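Structure file coords.txt; described as compact mmCIF, C-alpha atoms and all ligand atoms.
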# COMPACT_ATOMS: atom_id res chain seq x y z
CA MET V 799 20.25 -86.42 -7.51
CA GLN V 800 17.67 -86.34 -4.71
CA GLN V 801 16.35 -82.99 -3.55
CA LYS V 802 16.45 -82.46 0.18
CA LEU V 803 13.97 -80.25 1.90
CA ASN V 804 14.52 -77.59 4.49
CA PRO V 805 13.41 -79.02 7.82
CA GLU V 806 12.31 -75.56 8.93
CA PRO V 807 9.66 -74.68 6.35
CA THR V 808 8.25 -71.18 6.22
CA ILE V 809 4.54 -70.73 6.82
CA PRO V 810 2.93 -68.98 3.85
CA GLY V 811 0.06 -67.82 6.08
CA LEU V 812 2.46 -65.51 7.89
CA ILE V 813 3.05 -63.46 4.77
CA LYS V 814 0.57 -60.63 4.54
CA VAL V 815 -0.32 -59.95 0.92
CA PRO V 816 -1.62 -56.38 0.62
CA PRO V 817 -4.55 -55.47 -1.61
CA HIS V 818 -3.55 -54.25 -5.03
CA PRO V 819 -2.91 -50.48 -4.79
CA GLN V 820 -5.41 -48.34 -6.67
CA TRP V 821 -3.96 -45.24 -8.32
CA PRO V 822 -6.12 -42.44 -9.74
CA ASN V 823 -6.55 -42.75 -13.49
CA LEU V 824 -4.80 -39.86 -15.21
CA GLY V 825 -5.70 -38.67 -18.69
CA PRO V 826 -2.96 -38.40 -21.35
CA GLU V 827 -2.37 -34.67 -20.73
CA GLU V 828 -2.14 -35.05 -16.97
CA THR V 829 0.22 -37.99 -17.41
CA GLU V 830 2.52 -36.03 -19.72
CA ALA V 831 2.51 -33.03 -17.37
CA LEU V 832 3.36 -35.26 -14.41
CA LYS V 833 6.13 -36.97 -16.37
CA GLY V 834 7.51 -33.56 -17.34
CA ARG V 835 7.64 -32.47 -13.69
CA ILE V 836 9.39 -35.70 -12.70
CA ARG V 837 11.93 -35.33 -15.53
CA ARG V 838 12.80 -31.84 -14.22
CA LEU V 839 13.15 -33.12 -10.65
CA LEU V 840 15.40 -35.92 -11.84
CA GLN V 841 17.66 -33.43 -13.63
CA GLU V 842 17.75 -30.99 -10.72
CA GLN V 843 18.69 -33.76 -8.31
CA ASP V 844 21.15 -35.58 -10.59
CA ALA V 845 18.95 -38.66 -10.27
CA VAL V 846 18.33 -41.61 -12.56
CA LEU V 847 15.41 -44.09 -12.65
CA VAL V 848 16.05 -47.83 -12.45
CA ALA V 849 12.78 -49.69 -13.04
CA HIS V 850 11.65 -53.31 -13.28
CA TYR V 851 9.54 -54.75 -16.12
CA TYR V 852 6.65 -55.43 -13.72
CA THR V 853 6.08 -51.77 -12.84
CA ASP V 854 3.46 -49.47 -14.37
CA GLY V 855 3.87 -48.97 -18.15
CA GLU V 856 4.09 -45.15 -18.01
CA LEU V 857 6.72 -45.42 -15.32
CA GLN V 858 8.71 -47.78 -17.56
CA ASN V 859 8.40 -45.30 -20.45
CA LEU V 860 9.59 -42.44 -18.27
CA ALA V 861 12.59 -44.43 -17.03
CA GLU V 862 13.73 -45.01 -20.60
CA GLU V 863 12.89 -41.53 -21.89
CA SER V 864 14.84 -39.90 -19.07
CA GLY V 865 18.04 -41.94 -19.56
CA GLY V 866 17.35 -44.56 -16.90
CA CYS V 867 16.63 -48.23 -17.51
CA VAL V 868 13.88 -50.83 -17.45
CA ALA V 869 15.30 -54.27 -16.86
CA ASP V 870 15.38 -57.56 -14.96
CA SER V 871 16.87 -57.64 -11.49
CA LEU V 872 20.39 -58.54 -12.67
CA GLU V 873 20.58 -55.72 -15.19
CA MET V 874 19.05 -53.29 -12.67
CA ALA V 875 21.96 -54.07 -10.30
CA ARG V 876 24.55 -53.65 -13.04
CA PHE V 877 23.02 -50.49 -14.52
CA GLY V 878 22.81 -48.78 -11.12
CA SER V 879 26.50 -49.41 -10.50
CA ASP V 880 27.51 -47.96 -13.88
CA GLN V 881 25.79 -44.60 -13.27
CA LYS V 882 27.58 -41.38 -12.40
CA ALA V 883 24.37 -39.84 -11.05
CA LYS V 884 24.34 -39.04 -7.32
CA THR V 885 20.86 -40.51 -6.77
CA LEU V 886 19.29 -43.76 -7.96
CA VAL V 887 15.50 -43.99 -7.79
CA VAL V 888 14.66 -47.68 -7.81
CA CYS V 889 11.12 -48.48 -8.98
CA GLY V 890 10.55 -52.10 -8.06
CA VAL V 891 10.61 -53.96 -4.77
CA ARG V 892 12.76 -53.45 -1.68
CA PHE V 893 15.43 -56.04 -2.42
CA MET V 894 16.15 -54.18 -5.67
CA GLY V 895 16.61 -50.88 -3.81
CA GLU V 896 18.76 -52.64 -1.21
CA THR V 897 20.95 -54.23 -3.87
CA ALA V 898 21.47 -50.79 -5.44
CA LYS V 899 22.49 -49.36 -2.05
CA ILE V 900 24.74 -52.31 -1.21
CA LEU V 901 26.62 -51.82 -4.48
CA ASN V 902 26.62 -48.00 -4.32
CA PRO V 903 26.95 -46.87 -0.70
CA GLU V 904 28.09 -43.40 -1.77
CA LYS V 905 24.84 -42.80 -3.70
CA ARG V 906 21.46 -41.77 -2.34
CA VAL V 907 19.01 -44.57 -3.20
CA LEU V 908 15.30 -43.71 -3.09
CA MET V 909 12.20 -45.81 -3.67
CA PRO V 910 8.61 -44.64 -4.29
CA ASP V 911 7.45 -46.93 -1.45
CA LEU V 912 9.72 -48.68 1.04
CA ASN V 913 6.88 -51.08 1.94
CA ALA V 914 7.16 -52.70 -1.48
CA THR V 915 8.48 -56.05 -0.35
CA CYS V 916 8.40 -59.52 -1.91
CA SER V 917 6.93 -62.77 -0.57
CA LEU V 918 10.24 -64.55 -1.12
CA ASP V 919 12.08 -61.96 0.96
CA GLU V 920 9.36 -62.05 3.66
CA GLY V 921 9.40 -65.86 3.72
CA CYS V 922 13.10 -66.05 4.54
CA PRO V 923 13.76 -64.27 7.85
CA ALA V 924 17.48 -63.71 8.45
CA GLU V 925 17.68 -65.38 11.86
CA ALA V 926 15.91 -68.60 10.87
CA PHE V 927 17.93 -68.68 7.66
CA SER V 928 21.18 -68.24 9.54
CA ARG V 929 20.27 -71.16 11.83
CA PHE V 930 19.55 -73.28 8.75
CA CYS V 931 22.99 -72.40 7.34
CA ASP V 932 24.65 -73.22 10.67
CA GLN V 933 23.10 -76.69 10.49
CA HIS V 934 24.75 -77.32 7.10
CA PRO V 935 28.26 -75.88 7.28
CA ASP V 936 29.47 -78.15 4.45
CA HIS V 937 27.12 -76.46 1.93
CA THR V 938 27.81 -73.47 -0.31
CA VAL V 939 25.06 -70.94 0.40
CA VAL V 940 23.41 -69.62 -2.77
CA VAL V 941 20.58 -67.12 -2.36
CA TYR V 942 18.24 -65.64 -4.89
CA ALA V 943 18.44 -61.84 -5.19
CA ASN V 944 14.86 -61.66 -3.80
CA THR V 945 16.15 -61.63 -0.21
CA SER V 946 17.03 -59.09 2.46
CA ALA V 947 20.50 -57.57 2.83
CA ALA V 948 20.99 -59.63 6.02
CA VAL V 949 20.25 -62.91 4.19
CA LYS V 950 22.62 -61.93 1.38
CA ALA V 951 25.25 -61.15 4.02
CA ARG V 952 25.00 -64.79 5.20
CA SER V 953 25.51 -66.18 1.67
CA ASP V 954 28.43 -67.19 -0.52
CA TRP V 955 26.68 -66.34 -3.79
CA VAL V 956 23.74 -64.20 -4.82
CA VAL V 957 22.02 -65.12 -8.10
CA THR V 958 19.10 -63.82 -10.13
CA SER V 959 16.93 -65.94 -12.42
CA GLY V 960 19.05 -64.71 -15.34
CA ILE V 961 22.34 -66.13 -14.04
CA ALA V 962 21.32 -68.88 -11.59
CA LEU V 963 21.79 -71.80 -13.98
CA PRO V 964 25.41 -71.14 -15.06
CA ILE V 965 26.46 -70.30 -11.49
CA VAL V 966 24.93 -73.47 -10.02
CA LYS V 967 26.40 -75.54 -12.90
CA HIS V 968 29.80 -74.03 -12.13
CA LEU V 969 29.51 -74.85 -8.41
CA ALA V 970 28.22 -78.37 -9.09
CA ALA V 971 31.16 -79.00 -11.44
CA ARG V 972 33.47 -78.14 -8.53
CA GLY V 973 31.67 -80.79 -6.47
CA GLU V 974 30.05 -78.28 -4.11
CA LYS V 975 26.84 -79.08 -2.25
CA ILE V 976 24.40 -76.20 -2.35
CA LEU V 977 22.08 -74.74 0.23
CA TRP V 978 19.53 -72.80 -1.83
CA ALA V 979 17.06 -70.13 -0.69
CA PRO V 980 14.41 -69.01 -0.76
CA ASP V 981 12.38 -70.01 -3.87
CA LYS V 982 11.58 -73.73 -3.84
CA HIS V 983 10.23 -73.70 -7.42
CA LEU V 984 13.26 -71.98 -8.94
CA GLY V 985 15.51 -74.19 -6.79
CA ARG V 986 13.77 -77.36 -7.95
CA TYR V 987 13.96 -76.23 -11.59
CA ILE V 988 17.68 -75.46 -11.35
CA GLN V 989 18.32 -78.73 -9.57
CA SER V 990 16.48 -80.64 -12.32
CA VAL V 991 18.51 -78.99 -15.10
CA THR V 992 21.94 -79.08 -13.44
CA GLY V 993 21.66 -82.27 -11.35
CA ALA V 994 23.33 -80.35 -8.51
CA ASP V 995 23.11 -81.53 -4.89
CA MET V 996 20.73 -78.90 -3.49
CA LEU V 997 19.09 -78.39 -0.14
CA LEU V 998 16.03 -76.17 -0.63
CA TRP V 999 14.45 -73.52 1.58
CA GLN V 1000 10.66 -73.68 1.13
CA GLY V 1001 9.77 -70.15 0.03
CA SER V 1002 7.63 -69.16 -2.93
CA CYS V 1003 6.39 -66.20 -4.91
CA VAL V 1004 2.70 -65.59 -4.23
CA VAL V 1005 2.22 -64.28 -7.77
CA HIS V 1006 3.81 -67.11 -9.74
CA GLU V 1007 2.53 -69.79 -7.36
CA GLU V 1008 -1.00 -69.04 -8.63
CA PHE V 1009 -0.43 -70.15 -12.23
CA LYS V 1010 -2.55 -73.25 -12.72
CA SER V 1011 -1.36 -76.19 -14.78
CA VAL V 1012 -4.71 -77.84 -15.64
CA ALA V 1013 -6.21 -74.54 -16.83
CA LEU V 1014 -2.99 -73.90 -18.79
CA GLU V 1015 -3.41 -77.25 -20.57
CA ARG V 1016 -6.92 -76.15 -21.58
CA ILE V 1017 -5.71 -72.81 -22.96
CA ARG V 1018 -2.93 -74.56 -24.85
CA ARG V 1019 -5.52 -76.77 -26.54
CA LEU V 1020 -7.41 -73.62 -27.62
CA HIS V 1021 -4.18 -72.05 -28.96
CA PRO V 1022 -2.15 -75.01 -30.24
CA ASP V 1023 0.36 -72.80 -32.10
CA ALA V 1024 1.08 -70.52 -29.15
CA ALA V 1025 4.48 -70.71 -27.48
CA VAL V 1026 4.33 -71.01 -23.68
CA LEU V 1027 6.69 -68.69 -21.78
CA VAL V 1028 7.19 -69.32 -18.06
CA HIS V 1029 9.17 -67.58 -15.33
CA PRO V 1030 10.91 -70.25 -13.22
CA GLU V 1031 9.29 -69.03 -9.98
CA SER V 1032 6.20 -70.93 -11.23
CA PRO V 1033 5.19 -74.42 -10.01
CA GLU V 1034 6.74 -77.51 -11.60
CA ALA V 1035 3.58 -78.58 -13.48
CA VAL V 1036 3.48 -75.15 -15.18
CA ILE V 1037 7.21 -75.13 -16.01
CA GLU V 1038 6.82 -78.60 -17.54
CA GLN V 1039 4.50 -77.13 -20.19
CA ALA V 1040 6.88 -74.32 -21.17
CA ASP V 1041 8.59 -73.80 -24.51
CA VAL V 1042 10.84 -71.22 -22.84
CA VAL V 1043 11.67 -70.96 -19.13
CA GLY V 1044 13.60 -67.86 -18.13
CA SER V 1045 14.12 -64.51 -16.51
CA THR V 1046 11.93 -61.58 -17.50
CA THR V 1047 14.57 -60.49 -20.05
CA ARG V 1048 14.67 -63.99 -21.53
CA LEU V 1049 10.87 -64.12 -21.90
CA ILE V 1050 10.76 -60.71 -23.61
CA LYS V 1051 13.52 -61.82 -25.96
CA ALA V 1052 11.51 -64.96 -26.81
CA VAL V 1053 8.49 -62.90 -27.91
CA VAL V 1054 10.71 -60.79 -30.17
CA GLU V 1055 12.74 -63.63 -31.66
CA MET V 1056 10.38 -66.60 -31.97
CA ASP V 1057 8.31 -66.99 -35.13
CA ASN V 1058 5.09 -67.84 -33.26
CA ARG V 1059 2.29 -65.31 -33.54
CA GLU V 1060 0.74 -66.16 -30.16
CA PHE V 1061 2.34 -66.49 -26.74
CA ILE V 1062 0.88 -67.70 -23.45
CA VAL V 1063 2.81 -65.88 -20.74
CA ALA V 1064 3.15 -67.13 -17.15
CA THR V 1065 4.63 -64.21 -15.27
CA ASP V 1066 3.54 -60.82 -13.88
CA GLY V 1067 1.29 -58.96 -16.31
CA GLY V 1068 3.50 -55.85 -16.11
CA ILE V 1069 5.84 -57.53 -18.59
CA PHE V 1070 3.23 -57.25 -21.38
CA HIS V 1071 4.03 -53.55 -21.74
CA LYS V 1072 7.62 -54.14 -22.94
CA MET V 1073 6.65 -57.26 -24.94
CA GLN V 1074 3.96 -55.35 -26.81
CA GLN V 1075 6.27 -52.37 -27.39
CA LEU V 1076 8.98 -54.55 -28.93
CA ALA V 1077 6.66 -56.92 -30.81
CA PRO V 1078 3.39 -55.07 -31.55
CA SER V 1079 2.12 -57.69 -34.00
CA LYS V 1080 2.37 -60.58 -31.54
CA ILE V 1081 -0.66 -61.78 -29.57
CA LEU V 1082 -0.05 -62.16 -25.85
CA ILE V 1083 -2.30 -64.34 -23.70
CA GLU V 1084 -2.18 -64.35 -19.91
CA ALA V 1085 -1.57 -67.77 -18.41
CA PRO V 1086 -4.50 -68.70 -16.12
CA THR V 1087 -4.39 -68.05 -12.37
CA ALA V 1088 -6.74 -69.15 -9.63
CA GLY V 1089 -8.69 -65.91 -9.72
CA GLU V 1090 -10.60 -64.40 -6.80
CA GLY V 1091 -9.96 -66.06 -3.48
CA ALA V 1092 -6.42 -67.10 -4.38
CA THR V 1093 -3.43 -66.41 -2.13
CA CYS V 1094 -2.38 -63.74 -4.56
CA ARG V 1095 -5.40 -61.52 -4.87
CA SER V 1096 -3.73 -59.53 -7.60
CA CYS V 1097 -3.78 -62.53 -9.95
CA ALA V 1098 -0.66 -62.28 -12.09
CA HIS V 1099 0.28 -58.87 -10.84
CA CYS V 1100 2.62 -58.40 -7.92
CA PRO V 1101 0.89 -56.17 -5.34
CA TRP V 1102 4.26 -54.85 -4.17
CA MET V 1103 5.40 -53.93 -7.68
CA GLY V 1104 2.04 -52.16 -7.95
CA MET V 1105 3.11 -49.80 -5.14
CA ASN V 1106 5.20 -47.87 -7.67
CA SER V 1107 3.39 -45.10 -9.54
CA LEU V 1108 4.17 -41.77 -11.19
CA GLN V 1109 2.34 -40.08 -8.30
CA ASN V 1110 4.45 -41.45 -5.46
CA LEU V 1111 7.58 -41.16 -7.57
CA GLU V 1112 7.00 -37.40 -7.85
CA GLU V 1113 6.28 -37.24 -4.12
CA VAL V 1114 9.51 -38.97 -3.16
CA LEU V 1115 11.55 -36.65 -5.36
CA LEU V 1116 9.81 -33.62 -3.88
CA ASN V 1117 10.22 -34.56 -0.23
CA GLY V 1118 13.40 -36.68 -0.44
CA GLY V 1119 11.91 -39.38 1.79
CA ASN V 1120 12.05 -43.16 1.42
CA GLU V 1121 15.80 -43.41 1.36
CA VAL V 1122 17.18 -46.95 1.50
CA VAL V 1123 19.52 -47.30 4.48
CA ILE V 1124 21.60 -50.40 5.23
CA ASP V 1125 23.65 -51.20 8.27
CA GLU V 1126 27.30 -50.84 7.22
CA PRO V 1127 28.56 -54.17 8.70
CA ILE V 1128 25.75 -56.00 6.86
CA ARG V 1129 26.37 -54.07 3.65
CA LYS V 1130 30.08 -54.92 3.70
CA LYS V 1131 29.27 -58.64 3.92
CA ALA V 1132 26.38 -58.57 1.44
CA VAL V 1133 28.39 -56.82 -1.26
CA ILE V 1134 30.80 -59.77 -1.54
CA PRO V 1135 28.34 -62.39 -2.93
CA ILE V 1136 26.63 -59.78 -5.13
CA ARG V 1137 29.96 -58.72 -6.66
CA ARG V 1138 30.83 -62.40 -7.10
CA MET V 1139 27.69 -62.79 -9.22
CA LEU V 1140 28.42 -59.67 -11.31
CA ASP V 1141 32.06 -60.71 -11.82
CA PHE V 1142 30.95 -64.20 -12.85
CA ALA V 1143 28.53 -62.72 -15.40
CA ARG V 1144 31.25 -60.45 -16.77
CA GLU V 1145 33.81 -63.26 -17.00
CA GLN V 1146 31.31 -65.39 -18.86
CA GLY V 1147 31.19 -62.59 -21.40
CA THR V 1148 27.46 -62.64 -20.88
CA ASN V 1149 25.71 -59.74 -22.48
CA MET V 1150 23.41 -59.13 -19.56
CA LYS V 1151 21.01 -56.94 -21.47
CA ASN V 1152 20.20 -59.70 -23.93
CA ARG V 1153 20.65 -62.73 -21.80
CA GLY V 1154 18.51 -64.66 -19.37
CA ASN V 1155 19.76 -68.13 -18.78
CA ALA V 1156 17.23 -69.60 -16.45
P1 LIG J 1 13.78 -61.19 -12.95
O1 LIG J 1 15.16 -61.10 -12.39
O2 LIG J 1 13.62 -62.32 -13.94
O3 LIG J 1 13.35 -59.88 -13.53
O4 LIG J 1 12.78 -61.59 -11.77
C1 LIG J 1 12.53 -60.79 -10.68
C2 LIG J 1 11.29 -61.15 -10.00
O5 LIG J 1 11.01 -60.71 -8.90
C3 LIG J 1 10.37 -62.05 -10.67
O6 LIG J 1 9.23 -62.25 -9.91
FE1 LIG J 2 8.56 -61.13 -5.28
FE2 LIG J 2 6.89 -62.54 -6.73
FE3 LIG J 2 6.61 -59.90 -6.59
FE4 LIG J 2 8.68 -60.99 -7.97
S1 LIG J 2 6.49 -61.15 -8.46
S2 LIG J 2 8.78 -59.30 -6.54
S3 LIG J 2 9.09 -62.78 -6.69
S4 LIG J 2 6.36 -61.38 -4.90

If you took the structure in this file and wrote it as structure tokens, what would it be?
Ligand code: 13P
Ligand code: SF4
Amino acid sequence: MQQKLNPEPTIPGLIKVPPHPQWPNLGPEETEALKGRIRRLLQEQDAVLVAHYYTDGELQNLAEESGGCVADSLEMARFGSDQKAKTLVVCGVRFMGETAKILNPEKRVLMPDLNATCSLDEGCPAEAFSRFCDQHPDHTVVVYANTSAAVKARSDWVVTSGIALPIVKHLAARGEKILWAPDKHLGRYIQSVTGADMLLWQGSCVVHEEFKSVALERIRRLHPDAAVLVHPESPEAVIEQADVVGSTTRLIKAVVEMDNREFIVATDGGIFHKMQQLAPSKILIEAPTAGEGATCRSCAHCPWMGMNSLQNLEEVLLNGGNEVVIDEPIRKKAVIPIRRMLDFAREQGTNMKNRGNA
């Protein structure tokens, strides 16, 4: 099946990648004291932390220790909806906070920094996307979770990397043509596995785009027994070298379950924290990026994920700012394709905590 390209490509130069945030280094005692204060604030405010694997390691620890979760974007959405707490504090990027609010309009949803966006979200403006959809009314619109609420509201299905493959397979089996946005690499990968008829928006993740295939070949020669783990937002030539391609949950699971001692990991470096916690004897090697001067100056660390720290988490709980607000008409439309995804996952009997299909 031929891939068709979006005639209205996004211009990567328009996406402003911020410098990597620098947070003051805290000693172990200061860190514990700060975590203690945050735990008390969470209890007082009936709040729970929902964090992504790419965020700061201490923040991930605190989320788990305080009864919250650390997860991929699919599990973050599900976990948030299952909570009785009145407030969800989402430590990740804006689309994750928005998804929590879309699913839980009655809850207060806070984020340490509302400027924590995502290049995929930025590269798919709602108006241009809507025009693109209008040009292809015979296509089922499937959007990656890394999009704004308004883009989700224009879609038929929302998917994350953990559930994209079975959903697209299901749609292809029904003979549906798919308009996919925004990640061209994930779209191409899914198209190649499923054979689905897919029209691709040309967005990309500035972090994963920087993994370099020739340098990866070199590292693989130096570590011939290492398994190569790749997030599917990476370029085709990097995915082609992978032993496992999958969501963050899937890659963590691979480190725990595979017999290899060494792993070359092509995704955000924040994931090493959970991998190392669950498999302390395994050796983890960062897949090579372009280094200084690359589009992504953070080199294998998302600058927007880096905007979450213990410091600004305490601040947001103290002053109650940074609340995620979504226009009700948009929310009402966006909740439909998100619920469709969650229902699909449930019907599949997929254990979302342990899964990661892509
Ligand atoms: P996961 O859903 O696999 O955690 O991916 C989210 C993301 O933004 C990866 O860059
Ligand atoms: Fe977006 Fe890439 Fe950051 Fe994930 S790593 S949040 S896809 S910019």

Test item: residues lying within 6 Å of ligand LIG 1 (chain J) with all atoms listed in the file, as a ChimeraX atom specification: /V:870-872,958-959,1045-1046

Under the rule of at most 8 Å, produce a per-residue listing of chain V near ligand LIG 2 (chain J): chain, number, name, the closest pair of atoms, and the distance in Å, as CSV, using only C-alpha atoms and all ligand atoms.
residue,atom,partner,partner_atom,distance
V:Tyr852,CA,J:LIG2,S1,7.8
V:Gly890,CA,J:LIG2,S2,7.6
V:Val891,CA,J:LIG2,S2,5.9
V:Thr915,CA,J:LIG2,S2,7.0
V:Cys916,CA,J:LIG2,FE1,3.7
V:Ser917,CA,J:LIG2,S4,4.6
V:Leu918,CA,J:LIG2,FE1,5.6
V:Asp919,CA,J:LIG2,FE1,7.2
V:Asn944,CA,J:LIG2,FE1,6.5
V:Ser1002,CA,J:LIG2,S3,7.5
V:Cys1003,CA,J:LIG2,FE2,4.1
V:Val1004,CA,J:LIG2,S4,5.6
V:Val1005,CA,J:LIG2,FE2,5.1
V:His1006,CA,J:LIG2,FE2,6.3
V:Glu1031,CA,J:LIG2,S3,7.1
V:Thr1065,CA,J:LIG2,S1,7.7
V:Asp1066,CA,J:LIG2,S1,6.2
V:His1099,CA,J:LIG2,S1,7.0
V:Cys1100,CA,J:LIG2,FE3,4.5
V:Pro1101,CA,J:LIG2,FE3,6.9
V:Trp1102,CA,J:LIG2,FE3,6.1
V:Met1103,CA,J:LIG2,FE3,6.2

Option closest in space to Arg1016 in chain V, from V:Leu824, V:Ala1085, V:Leu977, V:Leu998 [counting all atoms listed in the file]: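 Answer, going by the shortest atom-to-atom distance: V:Ala1085.
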
Could you work out how far CA of Leu1115 in chain V lies from CA of Asp844 in chain V, giving the answer in Å with one decimal?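 Going from CA of Asp844 in chain V over to CA of Leu1115 in chain V covers 11.0 Å.
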
Excluding Asp1041 in chain V and residues on its chain fewer than 4 positions from it, collect all residues at most 9 Å away from it, counting only C-alpha atoms, and give them as a PyMOL selection string. chain V and resi 1025-1028+1037

Point-to-point distance from CA of Val846 in chain V to CA of Arg906 in chain V, Å rounded to tenths: 10.7 Å

Which residues are close to Pro1033 in chain V, i.e. within 8 Å by only C-alpha atoms, leaving aside same-chain residues fewer than 5 positions away? Reply as a list in words.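 My reading of the contact set: His983, His1006, Glu1007 and Phe1009 of chain V.
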
Selection near Lys905 in chain V, 7 Å with only C-alpha atoms, sequence-local residues under 3 positions removed, as a list in words: Lys884, Thr885 and Asn902 of chain V

Name the closest residue to Pro1030 in chain V among the candidates V:Ala1052, V:Ala962, V:Ala1143, V:Val1133; distances are taken between atoms, counting all atoms listed in the file.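 Going through V:Ala1052, V:Ala962, V:Ala1143, V:Val1133 one by one, the smallest distance to Pro1030 in chain V is for V:Ala962.
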
Output as an mmCIF file, keeping the file's coordinate frame: range 1050-1063 of chain V, completed with N, CA and C atoms.
data_model
loop_
_atom_site.group_PDB
_atom_site.id
_atom_site.type_symbol
_atom_site.label_atom_id
_atom_site.label_comp_id
_atom_site.auth_asym_id
_atom_site.auth_seq_id
_atom_site.Cartn_x
_atom_site.Cartn_y
_atom_site.Cartn_z
ATOM 1 N N ILE V 1050 10.993 -61.799 -22.660
ATOM 2 C CA ILE V 1050 10.760 -60.710 -23.610
ATOM 3 C C ILE V 1050 11.491 -61.011 -24.927
ATOM 4 N N LYS V 1051 12.708 -61.483 -24.786
ATOM 5 C CA LYS V 1051 13.520 -61.820 -25.960
ATOM 6 C C LYS V 1051 12.823 -62.913 -26.804
ATOM 7 N N ALA V 1052 12.195 -63.866 -26.109
ATOM 8 C CA ALA V 1052 11.510 -64.960 -26.810
ATOM 9 C C ALA V 1052 10.372 -64.424 -27.671
ATOM 10 N N VAL V 1053 9.623 -63.457 -27.142
ATOM 11 C CA VAL V 1053 8.490 -62.900 -27.910
ATOM 12 C C VAL V 1053 9.018 -62.207 -29.162
ATOM 13 N N VAL V 1054 10.145 -61.514 -29.035
ATOM 14 C CA VAL V 1054 10.710 -60.790 -30.170
ATOM 15 C C VAL V 1054 11.274 -61.763 -31.204
ATOM 16 N N GLU V 1055 11.964 -62.794 -30.732
ATOM 17 C CA GLU V 1055 12.740 -63.630 -31.660
ATOM 18 C C GLU V 1055 12.003 -64.844 -32.221
ATOM 19 N N MET V 1056 11.027 -65.378 -31.492
ATOM 20 C CA MET V 1056 10.380 -66.600 -31.970
ATOM 21 C C MET V 1056 9.386 -66.282 -33.093
ATOM 22 N N ASP V 1057 9.193 -67.233 -33.980
ATOM 23 C CA ASP V 1057 8.310 -66.990 -35.130
ATOM 24 C C ASP V 1057 6.833 -67.084 -34.772
ATOM 25 N N ASN V 1058 6.514 -67.667 -33.637
ATOM 26 C CA ASN V 1058 5.090 -67.840 -33.260
ATOM 27 C C ASN V 1058 4.379 -66.489 -33.264
ATOM 28 N N ARG V 1059 3.088 -66.548 -33.570
ATOM 29 C CA ARG V 1059 2.290 -65.310 -33.540
ATOM 30 C C ARG V 1059 1.685 -65.110 -32.152
ATOM 31 N N GLU V 1060 1.395 -66.225 -31.474
ATOM 32 C CA GLU V 1060 0.740 -66.160 -30.160
ATOM 33 C C GLU V 1060 1.654 -66.692 -29.055
ATOM 34 N N PHE V 1061 1.537 -66.067 -27.885
ATOM 35 C CA PHE V 1061 2.340 -66.490 -26.740
ATOM 36 C C PHE V 1061 1.460 -66.544 -25.491
ATOM 37 N N ILE V 1062 1.559 -67.631 -24.752
ATOM 38 C CA ILE V 1062 0.880 -67.700 -23.450
ATOM 39 C C ILE V 1062 1.964 -67.420 -22.405
ATOM 40 N N VAL V 1063 1.732 -66.382 -21.600
ATOM 41 C CA VAL V 1063 2.810 -65.880 -20.740
ATOM 42 C C VAL V 1063 2.492 -66.096 -19.261
#
